[in-house]
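Pasted below: query_6.txt, compact mmCIF, C-alpha atoms.
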```txt
# COMPACT_ATOMS: atom_id res chain seq x y z
CA MET A 1 103.76 110.31 93.11
CA ASP A 2 105.74 113.15 94.69
CA GLU A 3 103.06 113.73 97.34
CA LEU A 4 102.81 110.02 98.14
CA GLU A 5 106.58 109.58 98.37
CA SER A 6 106.88 112.67 100.57
CA GLY A 7 104.19 111.23 102.84
CA TYR A 8 106.04 107.93 103.00
CA ARG A 9 109.24 109.72 104.02
CA ARG A 10 107.36 111.51 106.79
CA PHE A 11 105.97 108.15 107.89
CA ARG A 12 109.47 106.63 108.01
CA ASP A 13 110.94 109.65 109.82
CA THR A 14 108.24 110.15 112.45
CA THR A 15 105.40 107.62 112.55
CA TRP A 16 107.47 104.47 112.08
CA PRO A 17 109.91 105.17 114.94
CA ALA A 18 107.02 106.04 117.25
CA GLN A 19 104.96 102.99 116.25
CA ARG A 20 107.78 100.53 115.55
CA ALA A 21 107.12 98.33 118.54
CA ARG A 22 103.44 98.08 117.63
CA PHE A 23 104.18 97.12 114.01
CA GLU A 24 106.74 94.55 115.10
CA SER A 25 104.20 93.06 117.51
CA LEU A 26 101.52 92.99 114.81
CA ALA A 27 103.94 91.28 112.43
CA ALA A 28 104.95 88.68 115.01
CA GLN A 29 101.54 87.97 116.56
CA GLY A 30 99.16 88.73 113.69
CA GLN A 31 96.19 91.05 113.70
CA HIS A 32 93.47 90.98 116.34
CA PRO A 33 91.22 93.96 115.56
CA HIS A 34 88.34 94.55 117.95
CA THR A 35 86.05 96.17 115.36
CA LEU A 36 85.11 95.66 111.73
CA VAL A 37 84.00 98.86 110.00
CA VAL A 38 82.05 98.99 106.75
CA ALA A 39 82.61 102.50 105.43
CA CYS A 40 82.35 104.45 102.21
CA SER A 41 85.29 104.77 99.85
CA ASP A 42 84.91 108.56 99.98
CA SER A 43 88.34 110.14 100.55
CA ARG A 44 86.92 112.59 103.12
CA SER A 45 85.63 109.98 105.55
CA ASP A 46 88.45 107.87 107.00
CA PRO A 47 87.37 105.54 109.85
CA ALA A 48 90.88 105.35 111.33
CA MET A 49 90.97 109.16 111.57
CA VAL A 50 87.42 109.55 112.86
CA PHE A 51 87.96 106.96 115.60
CA ASP A 52 91.59 107.99 116.21
CA VAL A 53 92.85 104.41 116.42
CA ALA A 54 96.25 102.79 116.11
CA PRO A 55 97.25 100.24 113.46
CA GLY A 56 95.74 96.82 114.13
CA GLU A 57 92.59 98.03 115.88
CA LEU A 58 90.17 98.19 112.94
CA PHE A 59 89.43 95.79 110.10
CA VAL A 60 88.03 98.13 107.46
CA VAL A 61 85.87 97.34 104.43
CA ARG A 62 85.24 100.29 102.12
CA ASN A 63 82.95 100.55 99.12
CA VAL A 64 80.65 103.03 97.38
CA ALA A 65 78.04 104.22 99.93
CA ASN A 66 79.06 101.78 102.70
CA LEU A 67 76.62 99.19 101.42
CA VAL A 68 76.30 95.63 102.67
CA PRO A 69 74.54 93.30 100.22
CA PRO A 70 72.27 90.54 101.55
CA TYR A 71 73.64 87.07 102.18
CA GLU A 72 73.95 85.37 98.79
CA PRO A 73 76.41 82.44 98.87
CA ASP A 74 76.87 81.62 95.19
CA ALA A 75 79.61 81.46 92.59
CA HIS A 76 79.67 85.21 91.96
CA ARG A 77 82.38 87.48 93.33
CA HIS A 78 81.42 89.03 96.65
CA GLY A 79 84.16 91.32 97.95
CA VAL A 80 82.18 92.79 100.85
CA SER A 81 80.77 89.43 101.93
CA ALA A 82 84.21 87.81 101.77
CA ALA A 83 85.65 90.53 104.01
CA LEU A 84 82.75 90.13 106.44
CA GLU A 85 83.28 86.37 106.58
CA PHE A 86 86.98 86.78 107.32
CA GLY A 87 86.47 89.52 109.91
CA VAL A 88 83.64 87.80 111.76
CA ARG A 89 84.51 84.11 111.45
CA VAL A 90 88.32 84.20 111.44
CA LEU A 91 89.28 87.39 113.30
CA GLU A 92 86.19 87.17 115.55
CA VAL A 93 85.71 90.92 115.91
CA GLU A 94 83.61 92.07 118.84
CA ARG A 95 81.62 94.72 117.00
CA LEU A 96 80.61 95.52 113.46
CA VAL A 97 80.10 99.18 112.57
CA VAL A 98 78.46 100.55 109.43
CA MET A 99 79.57 104.17 109.09
CA GLY A 100 77.78 106.37 106.58
CA HIS A 101 78.74 109.97 105.98
CA GLY A 102 77.53 113.34 104.74
CA GLN A 103 77.62 114.39 101.09
CA CYS A 104 77.87 110.78 99.90
CA GLY A 105 78.35 110.57 96.15
CA GLY A 106 76.71 107.17 95.90
CA ILE A 107 73.55 108.44 97.59
CA HIS A 108 73.59 111.54 95.42
CA ALA A 109 73.73 109.29 92.35
CA LEU A 110 70.45 107.69 93.40
CA LEU A 111 68.81 111.03 94.10
CA ALA A 112 70.09 112.91 91.07
CA GLY A 113 70.97 110.15 88.61
CA VAL A 114 74.04 107.99 88.09
CA PRO A 115 76.75 109.80 86.05
CA HIS A 116 76.72 108.62 82.44
CA ASN A 117 80.30 107.37 82.73
CA CYS A 118 79.67 105.28 85.88
CA LYS A 119 77.04 102.87 84.66
CA ASP A 120 79.16 99.74 84.23
CA PHE A 121 79.14 99.04 87.97
CA VAL A 122 77.98 101.97 90.12
CA GLY A 123 74.40 101.98 88.91
CA ASN A 124 73.84 98.29 89.58
CA TRP A 125 75.66 98.44 92.92
CA MET A 126 73.55 101.36 94.15
CA ALA A 127 70.30 99.77 92.93
CA MET A 128 70.13 97.69 96.11
CA ALA A 129 69.66 100.91 98.07
CA ALA A 130 67.12 102.49 95.71
CA PRO A 131 63.95 101.57 97.68
CA ALA A 132 65.37 102.85 100.98
CA VAL A 133 66.56 106.10 99.39
CA ALA A 134 63.25 106.60 97.58
CA GLU A 135 61.35 106.16 100.84
CA ALA A 136 63.59 108.68 102.59
CA ALA A 137 63.14 111.17 99.74
CA ALA A 138 59.36 110.83 99.86
CA SER A 139 59.11 111.37 103.61
CA HIS A 140 61.47 114.31 104.19
CA ALA A 141 61.71 117.97 103.24
CA PRO A 142 64.08 118.65 100.30
CA GLU A 143 66.75 120.16 102.54
CA ASP A 144 66.78 117.03 104.72
CA VAL A 145 66.67 114.37 102.02
CA ASP A 146 70.41 113.79 101.59
CA MET A 147 71.09 113.09 105.26
CA ALA A 148 67.89 111.08 105.63
CA ALA A 149 68.90 108.93 102.66
CA GLU A 150 72.43 108.45 104.01
CA MET A 151 71.02 107.25 107.32
CA ALA A 152 68.48 105.03 105.55
CA VAL A 153 71.32 103.25 103.77
CA VAL A 154 73.08 102.62 107.10
CA ARG A 155 69.85 101.04 108.40
CA LEU A 156 69.61 98.94 105.24
CA SER A 157 73.17 97.70 105.63
CA ILE A 158 72.55 96.79 109.27
CA ASP A 159 69.44 94.86 108.23
CA ASN A 160 71.38 93.08 105.49
CA LEU A 161 74.11 92.12 107.95
CA ARG A 162 71.52 90.16 109.90
CA THR A 163 70.79 88.00 106.84
CA PHE A 164 74.23 86.43 107.26
CA PRO A 165 73.58 83.42 109.54
CA TRP A 166 76.97 83.52 111.24
CA ILE A 167 76.51 87.23 112.01
CA ALA A 168 72.97 86.77 113.32
CA GLU A 169 74.07 83.82 115.46
CA ARG A 170 76.96 85.72 117.03
CA GLU A 171 74.80 88.77 117.67
CA ALA A 172 72.11 86.61 119.33
CA ALA A 173 74.77 84.98 121.51
CA GLY A 174 76.07 88.39 122.65
CA LYS A 175 79.43 87.85 120.94
CA LEU A 176 78.97 90.54 118.27
CA LYS A 177 77.42 93.99 118.43
CA LEU A 178 76.08 95.72 115.30
CA VAL A 179 76.34 99.51 115.29
CA GLY A 180 75.09 102.08 112.78
CA MET A 181 76.84 105.46 112.59
CA HIS A 182 76.92 108.59 110.44
CA PHE A 183 79.81 111.06 110.14
CA ALA A 184 79.06 114.64 109.09
CA ILE A 185 82.03 115.83 107.06
CA ALA A 186 81.17 119.53 107.34
CA THR A 187 80.87 119.56 111.15
CA GLY A 188 82.91 116.54 112.28
CA VAL A 189 79.93 115.27 114.28
CA LEU A 190 79.48 111.51 114.64
CA THR A 191 76.01 110.16 115.36
CA GLN A 192 75.00 106.65 116.40
CA MET A 193 71.81 104.78 115.62
CA ASP A 194 69.72 103.78 118.63
CA SER A 195 67.42 100.77 118.93
CA GLU A 196 64.62 102.74 117.25
CA GLY A 197 66.76 103.62 114.24
CA VAL A 198 67.22 107.25 115.31
CA PHE A 199 70.70 108.77 114.97
CA ARG A 200 71.90 110.69 118.01
CA PRO A 201 75.23 112.54 118.56
CA VAL A 202 77.97 110.54 120.24
CA ALA A 203 78.72 112.24 123.55
```

In structure tokens, what does this structure look like?
Amino acid sequence: MDELESGYRRFRDTTWPAQRARFESLAAQGQHPHTLVVACSDSRSDPAMVFDVAPGELFVVRNVANLVPPYEPDAHRHGVSAALEFGVRVLEVERLVVMGHGQCGGIHALLAGVPHNCKDFVGNWMAMAAPAVAEAAASHAPEDVDMAAEMAVVRLSIDNLRTFPWIAEREAAGKLKLVGMHFAIATGVLTQMDSEGVFRPVA
């Protein structure tokens, strides 16, 4: 806790005074983020840092391997889908970004095997990405498989987003843009998926 408390004190001493007016405005007027980001829970890949944004600009959903499940409205618990519904239907974000990243542990679990002590939830969660990862592994050289699989999962999540009727409707009406991205931890390079599914560096 010492590190966390020290960080909080730095926040109160420096960040809070500089951002006080913004926080007060956000408290009084509510949040109006322009972008919803689905990102991985990995501690090395922070969307707010990568995009260098202020509080209130991003509505962020994080999970293992930045996966979006298909639209399945039933009585089960759907944390990602609930966040998508709130961000798209209530906050009415203008864009929805799926941001994968390099050296993803969830992708590695599919390629190398799920750790024996992570089979209660991780294995079943990652199973939805297994076909996409297997296809990437079969069609790329060994040294390229990890990145190819990470990008394949971003494509899968984008495809799954379009199974949500209220996302597909807003995209068709030009009210919502879906964007696939990949952040390379080792180099700091961000790439964006084009209409053909190819990832190209952001200029």

Contact check, region 96-173 of chain A to region 33-37 of chain A, at most 10 Å, counting all atoms listed in the file, closest pairs as JSON lines:
```
{"residue": "A:Leu96", "atom": "CA", "partner": "A:Leu36", "partner_atom": "CA", "distance": 4.8}
{"residue": "A:Val97", "atom": "CA", "partner": "A:Val37", "partner_atom": "CA", "distance": 4.7}
{"residue": "A:Val98", "atom": "CA", "partner": "A:Val37", "partner_atom": "CA", "distance": 5.8}
{"residue": "A:Met99", "atom": "CA", "partner": "A:Val37", "partner_atom": "CA", "distance": 7.0}
```

Q | Interatomic distance (Å, one decimal) between CA of Val50 (chain A) and CA of Gly188 (chain A) | A | 8.3 Å

Q | Closest of A:Phe164, A:Arg170, A:Val145, A:Ala109 to Arg95 (chain A) - atom-to-atom distances counting all atoms listed in the file | A |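 Residue with the minimum atom-to-atom distance to Arg95 (chain A): A:Arg170.
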
**Q.** d(CA of Arg62 (chain A), CA of Asn124 (chain A)) in Å
**A.**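 Computed distance, CA of Arg62 (chain A) to CA of Asn124 (chain A), equals 17.1 Å.
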
Q.
With distances taken over all atoms listed in the file, which residue among A:Ala39, A:Ala112, A:Leu4, A:Ala184 lies nearest Ser157 (chain A)?
A. A:Ala39
